[in-house]
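Student: Pasting upload.pdb below, which is PDB, C-alpha atoms.
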```pdb
ATOM      1  CA  MET A   1    -134.129  10.971 -56.850
ATOM      2  CA  ASP A   2    -131.691   9.602 -59.313
ATOM      3  CA  TYR A   3    -128.024   8.774 -58.859
ATOM      4  CA  LYS A   4    -126.752  12.310 -59.721
ATOM      5  CA  HIS A   5    -128.877  13.934 -57.030
ATOM      6  CA  TYR A   6    -127.474  11.582 -54.356
ATOM      7  CA  CYS A   7    -123.943  12.452 -55.456
ATOM      8  CA  TYR A   8    -124.640  16.191 -55.188
ATOM      9  CA  LEU A   9    -126.231  15.745 -51.782
ATOM     10  CA  ALA A  10    -123.260  13.731 -50.494
ATOM     11  CA  LEU A  11    -120.831  16.338 -51.858
ATOM     12  CA  CYS A  12    -122.659  19.143 -50.039
ATOM     13  CA  LEU A  13    -122.749  17.249 -46.730
ATOM     14  CA  PHE A  14    -119.037  16.371 -46.814
ATOM     15  CA  THR A  15    -117.898  19.899 -47.639
ATOM     16  CA  VAL A  16    -119.619  21.458 -44.612
ATOM     17  CA  THR A  17    -117.320  21.525 -41.571
ATOM     18  CA  PRO A  18    -118.474  22.178 -38.018
ATOM     19  CA  VAL A  19    -117.540  25.453 -36.265
ATOM     20  CA  LEU A  20    -116.624  25.215 -32.641
ATOM     21  CA  ALA A  21    -117.842  27.931 -30.257
ATOM     22  CA  ASP A  22    -114.762  27.935 -28.033
ATOM     23  CA  GLU A  23    -112.230  28.943 -30.714
ATOM     24  CA  PRO A  24    -110.138  31.963 -29.756
ATOM     25  CA  GLU A  25    -110.929  35.289 -31.388
ATOM     26  CA  VAL A  26    -108.486  36.409 -34.064
ATOM     27  CA  ASN A  27    -107.752  40.072 -34.747
ATOM     28  CA  ASN A  28    -106.016  40.935 -37.988
ATOM     29  CA  THR A  29    -104.766  44.370 -38.789
ATOM     30  CA  SER A  30    -103.652  45.051 -42.290
ATOM     31  CA  ASN A  31    -101.551  47.918 -43.478
ATOM     32  CA  PRO A  32    -101.348  47.599 -47.255
ATOM     33  CA  VAL A  33     -98.648  49.588 -48.970
ATOM     34  CA  ALA A  34     -98.030  49.109 -52.662
ATOM     35  CA  ALA A  35     -95.807  50.866 -55.087
ATOM     36  CA  ALA A  36     -95.263  49.729 -58.620
ATOM     37  CA  THR A  37     -93.244  51.197 -61.418
ATOM     38  CA  GLY A  38     -92.504  49.762 -64.776
ATOM     39  CA  ASN A  39     -92.524  50.142 -68.509
ATOM     40  CA  VAL A  40     -94.124  47.549 -70.732
ATOM     41  CA  THR A  41     -93.906  47.524 -74.497
ATOM     42  CA  ASN A  42     -96.105  44.982 -76.167
ATOM     43  CA  GLN A  43     -95.508  44.704 -79.900
ATOM     44  CA  ALA A  44     -96.761  42.139 -82.367
ATOM     45  CA  VAL A  45     -96.502  41.552 -86.090
ATOM     46  CA  GLN A  46     -99.342  39.872 -87.892
ATOM     47  CA  PHE A  47     -98.753  38.498 -91.369
ATOM     48  CA  GLN A  48    -101.624  38.055 -93.764
ATOM     49  CA  ASN A  49    -101.536  35.465 -96.549
ATOM     50  CA  ASN A  50     -98.842  33.294 -94.965
ATOM     51  CA  GLY A  51     -98.242  30.905 -97.799
ATOM     52  CA  ALA A  52    -101.875  30.849 -98.842
ATOM     53  CA  ALA A  53    -102.411  29.309-102.216
ATOM     54  CA  SER A  54    -102.595  31.550-105.254
ATOM     55  CA  ARG A  55    -106.019  31.011-106.768
ATOM     56  CA  GLN A  56    -106.944  31.954-110.322
ATOM     57  CA  GLN A  57    -110.699  31.903-110.912
ATOM     58  CA  TYR A  58    -111.557  31.215-114.563
ATOM     59  CA  ALA A  59    -115.280  30.503-114.333
ATOM     60  CA  PRO A  60    -117.763  29.378-111.704
ATOM     61  CA  GLY A  61    -116.385  26.118-110.357
ATOM     62  CA  VAL A  62    -113.027  26.451-112.169
ATOM     63  CA  ALA A  63    -110.319  27.747-109.816
ATOM     64  CA  CYS A  64    -106.696  26.608-110.046
ATOM     65  CA  ASN A  65    -104.202  26.822-107.180
ATOM     66  CA  GLY A  66    -100.665  27.669-108.228
ATOM     67  CA  SER A  67     -97.333  28.343-106.603
ATOM     68  CA  THR A  68     -97.050  31.416-104.415
ATOM     69  CA  MET A  69     -94.299  33.597-103.024
ATOM     70  CA  THR A  70     -95.230  36.267-100.504
ATOM     71  CA  PHE A  71     -92.977  39.062 -99.277
ATOM     72  CA  SER A  72     -94.160  40.848 -96.132
ATOM     73  CA  PRO A  73     -92.035  43.717 -94.784
ATOM     74  CA  PHE A  74     -92.746  45.174 -91.361
ATOM     75  CA  TYR A  75     -91.602  48.056 -89.184
ATOM     76  CA  MET A  76     -92.484  48.824 -85.602
ATOM     77  CA  GLY A  77     -91.124  51.794 -83.732
ATOM     78  CA  ASN A  78     -91.548  53.209 -80.258
ATOM     79  CA  HIS A  79     -90.274  56.617 -79.237
ATOM     80  CA  ALA A  80     -90.740  57.260 -75.521
ATOM     81  CA  LYS A  81     -89.919  60.089 -73.156
ATOM     82  CA  PRO A  82     -90.257  58.817 -69.589
ATOM     83  CA  TRP A  83     -91.257  61.582 -67.191
ATOM     84  CA  SER A  84     -90.148  61.941 -63.607
ATOM     85  CA  GLU A  85     -90.556  64.390 -60.795
ATOM     86  CA  LYS A  86     -87.437  66.288 -59.831
ATOM     87  CA  GLU A  87     -86.993  67.005 -56.127
ATOM     88  CA  ASP A  88     -85.957  70.621 -56.386
ATOM     89  CA  MET A  89     -88.602  71.625 -58.991
ATOM     90  CA  GLU A  90     -92.345  71.288 -59.170
ATOM     91  CA  GLY A  91     -93.981  69.225 -61.911
ATOM     92  CA  LEU A  92     -92.872  66.479 -64.251
ATOM     93  CA  TYR A  93     -89.905  66.724 -66.597
ATOM     94  CA  PRO A  94     -88.523  64.381 -69.254
ATOM     95  CA  SER A  95     -85.752  62.335 -67.733
ATOM     96  CA  SER A  96     -84.539  60.398 -70.782
ATOM     97  CA  TYR A  97     -85.415  59.404 -74.324
ATOM     98  CA  GLN A  98     -85.946  55.843 -75.550
ATOM     99  CA  LEU A  99     -86.053  54.728 -79.150
ATOM    100  CA  ASN A 100     -87.075  51.133 -79.842
ATOM    101  CA  GLU A 101     -87.218  49.961 -83.441
ATOM    102  CA  ASN A 102     -87.979  46.578 -84.863
ATOM    103  CA  TRP A 103     -88.061  45.937 -88.596
ATOM    104  CA  GLY A 104     -87.660  43.070 -90.991
ATOM    105  CA  PHE A 105     -89.478  40.987 -93.535
ATOM    106  CA  GLN A 106     -90.877  37.544 -94.036
ATOM    107  CA  VAL A 107     -90.723  35.561 -97.280
ATOM    108  CA  ASN A 108     -92.971  32.539 -97.786
ATOM    109  CA  PHE A 109     -92.991  30.027-100.619
ATOM    110  CA  MET A 110     -95.870  27.658-101.255
ATOM    111  CA  VAL A 111     -95.430  25.067-103.987
ATOM    112  CA  PRO A 112     -97.997  22.322-104.628
ATOM    113  CA  LEU A 113     -96.367  18.899-104.582
ATOM    114  CA  ASP A 114     -98.816  17.347-107.044
ATOM    115  CA  LYS A 115     -98.683  19.270-110.337
ATOM    116  CA  SER A 116    -101.060  16.888-112.142
ATOM    117  CA  GLY A 117    -104.128  18.487-110.548
ATOM    118  CA  TYR A 118    -102.891  21.944-111.525
ATOM    119  CA  LYS A 119    -102.277  20.847-115.139
ATOM    120  CA  LEU A 120    -105.736  19.276-115.362
ATOM    121  CA  CYS A 121    -107.314  22.444-113.949
ATOM    122  CA  LYS A 122    -105.493  24.534-116.582
ATOM    123  CA  LYS A 123    -106.819  22.253-119.350
ATOM    124  CA  ILE A 124    -110.368  22.643-118.025
ATOM    125  CA  ALA A 125    -109.868  26.406-117.853
ATOM    126  CA  LYS A 126    -108.634  26.438-121.481
ATOM    127  CA  ARG A 127    -111.745  24.525-122.598
ATOM    128  CA  GLN A 128    -113.923  26.922-120.633
ATOM    129  CA  GLU A 129    -112.230  29.839-122.400
ATOM    130  CA  GLU A 130    -112.808  28.201-125.807
ATOM    131  CA  LYS A 131    -116.472  27.614-124.935
ATOM    132  CA  LEU A 132    -116.953  31.233-123.869
ATOM    133  CA  ARG A 133    -115.286  32.423-127.083
ATOM    134  CA  LEU A 134    -117.555  30.197-129.188
ATOM    135  CA  ASP A 135    -120.638  31.429-127.296
ATOM    136  CA  TYR A 136    -119.580  35.033-127.912
ATOM    137  CA  GLU A 137    -119.008  34.495-131.648
ATOM    138  CA  LEU A 138    -122.279  32.593-132.149
ATOM    139  CA  VAL A 139    -124.347  35.204-130.321
ATOM    140  CA  ARG A 140    -122.596  37.965-132.286
ATOM    141  CA  ALA A 141    -123.322  36.209-135.619
ATOM    142  CA  LEU A 142    -126.929  35.516-134.613
ATOM    143  CA  LYS A 143    -127.647  39.121-133.637
ATOM    144  CA  CYS A 144    -125.940  40.523-136.763
ATOM    145  CA  ALA A 145    -127.925  38.143-138.984
ATOM    146  CA  GLU A 146    -131.149  39.219-137.250
ATOM    147  CA  LEU A 147    -130.288  42.864-137.955
ATOM    148  CA  GLN A 148    -129.537  42.098-141.601
ATOM    149  CA  SER A 149    -132.711  40.029-142.075
ATOM    150  CA  LYS A 150    -134.751  42.969-140.790
ATOM    151  CA  GLY A 151    -133.011  45.281-143.252
ATOM    152  CA  PHE A 152    -130.619  46.975-140.834
ATOM    153  CA  THR A 153    -126.851  47.148-140.487
ATOM    154  CA  LEU A 154    -124.341  48.989-138.333
ATOM    155  CA  ARG A 155    -123.399  52.418-139.675
ATOM    156  CA  PRO A 156    -120.119  52.391-141.616
ATOM    157  CA  GLY A 157    -117.467  54.344-139.722
ATOM    158  CA  SER A 158    -119.132  53.880-136.308
ATOM    159  CA  ARG A 159    -117.182  52.498-133.391
ATOM    160  CA  VAL A 160    -119.024  49.129-133.630
ATOM    161  CA  GLU A 161    -119.081  48.734-137.401
ATOM    162  CA  HIS A 162    -116.445  45.999-137.271
ATOM    163  CA  MET A 163    -118.715  43.742-135.183
ATOM    164  CA  CYS A 164    -120.898  42.674-138.114
ATOM    165  CA  HIS A 165    -118.643  43.258-141.130
ATOM    166  CA  ASP A 166    -117.855  39.546-141.521
ATOM    167  CA  ILE A 167    -121.466  38.288-141.292
ATOM    168  CA  VAL A 168    -122.789  37.759-144.818
ATOM    169  CA  PRO A 169    -125.612  35.682-146.292
ATOM    170  CA  ILE A 170    -124.607  32.261-147.637
ATOM    171  CA  GLN A 171    -126.099  33.153-151.016
ATOM    172  CA  SER A 172    -123.463  35.855-151.517
ATOM    173  CA  LEU A 173    -120.663  33.265-151.111
ATOM    174  CA  LEU A 174    -121.991  30.757-153.662
ATOM    175  CA  PRO A 175    -120.544  30.885-157.176
ATOM    176  CA  PRO A 176    -122.934  32.280-159.732
ATOM    177  CA  SER A 177    -125.065  29.582-161.249
ATOM    178  CA  PRO A 178    -124.588  29.020-164.970
ATOM    179  CA  GLU A 179    -127.333  30.323-167.169
ATOM    180  CA  PRO A 180    -129.545  27.647-168.615
ATOM    181  CA  LYS A 181    -128.662  26.725-172.170
ATOM    182  CA  LYS A 182    -131.082  27.876-174.725
ATOM    183  CA  ARG A 183    -132.303  25.049-176.734
ATOM    184  CA  GLY A 184    -132.652  25.436-180.231
ATOM    185  CA  TRP A 185    -135.647  24.541-182.302
ATOM    186  CA  PRO A 186    -137.518  22.046-181.882
ATOM    187  CA  PHE A 187    -138.279  21.678-178.279
TER
END
```
Would you kindly transcribe this structure into structure tokens?

Tutor:
Amino acid sequence: MDYKHYCYLALCLFTVTPVLADEPEVNNTSNPVAAATGNVTNQAVQFQNNGAASRQQYAPGVACNGSTMTFSPFYMGNHAKPWSEKEDMEGLYPSSYQLNENWGFQVNFMVPLDKSGYKLCKKIAKRQEEKLRLDYELVRALKCAELQSKGFTLRPGSRVEHMCHDIVPIQSLLPPSPEPKKRGWPF
């Protein structure tokens, strides 16, 4: 046996007390009587978003935390009619009326102390926006050029006609080339 087992064995032996046979007999008579009355009102207000940071998500991995103000109103009311038994009548009857109301509001402000991180995050978000805009325009131009190279275009007057109206072949933008001079005789 290891050390722990000896400790447990010693603890068990010391907690056992001997019982003597010549102890007098004890008779206990109990007469429990209990009466309890009361009225308990348990009310609580739970506020969500207690000063949690405002988070703007611009792209995957680009989320900026800004300043936040939260306004949380609350109202709790309790209308109670305690009932009692009148001695001269049978049954229960309302004995009074209680109105408990609790209302208010909580205002929280959360302002980051270091604005440099927020400014840097906004710059990254601006670059992300520019990149997404460039991706959109390049894909639009590519798909319109593919349509035109296959001999198709978007129908004039349709709701999407404007999407490809500014995509033109480079050849159409070049100035007309001068006609070659005719050389006179002899060659």

Student: Do you know which residues the PyMOL selection byres ((chain A and resi 102-111) around 6) returns on this file, as a ChimeraX atom specification?

Tutor: /A:51,67-76,101,112

Student: State, in Å with one decimal place, the distance from atom CA of A:Cys144 to atom CA of A:Leu132.

Tutor: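 Atom CA of A:Leu132 lies at a distance of 18.3 Å from atom CA of A:Cys144.
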
Student: Between atom CA of A:Glu129 and atom CA of A:Cys64, what is the distance, to one decimal in Å?

Tutor: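 About the pair atom CA of A:Glu129 and atom CA of A:Cys64: they are 13.9 Å apart.
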
Student: What do you get, as an MDAnalysis selection string, if you spell out every residue that the PyMOL selection byres ((chain A and resi 169-173) around 10) selects here?

Tutor: chainID A and resid 145 148:149 166:168 174:176

Student: Can you give me, as a count of residues only, the residues this file yields under the PyMOL selection byres ((chain A and resi 163) around 12)?

Tutor: 24

Student: Interatomic distance between atom CA of A:Leu134 and atom CA of A:Pro60?

Tutor: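 Pair atom CA of A:Leu134 / atom CA of A:Pro60 returns 17.5 Å.
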
Student: Determine the nearest neighbour of A:Gln128 from the options A:Gln57, A:Thr29, A:Asn78, A:Ser96, counting only C-alpha atoms.

Tutor: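 Looking only at the distances to A:Gln128, the closest residue turns out to be A:Gln57.
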
Student: To box stretch 130-133 of chain A, take all atoms listed in the file, fit an axis-aligned box, add 4 Å on each side, and give centre and edge lengths in Å to one decimal, as AutoDock Vina command-line options.

Tutor:
```
--center_x -114.9 --center_y 30.0 --center_z -125.5 --size_x 12.1 --size_y 12.8 --size_z 11.2
```

Student: Nearest to A:Leu113: which of A:Gln56, A:Asp2, A:Asn65, A:Ser177 is it, counting all atoms listed in the file?

Tutor: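 Of the candidates, the smallest distance to A:Leu113 is held by A:Asn65.
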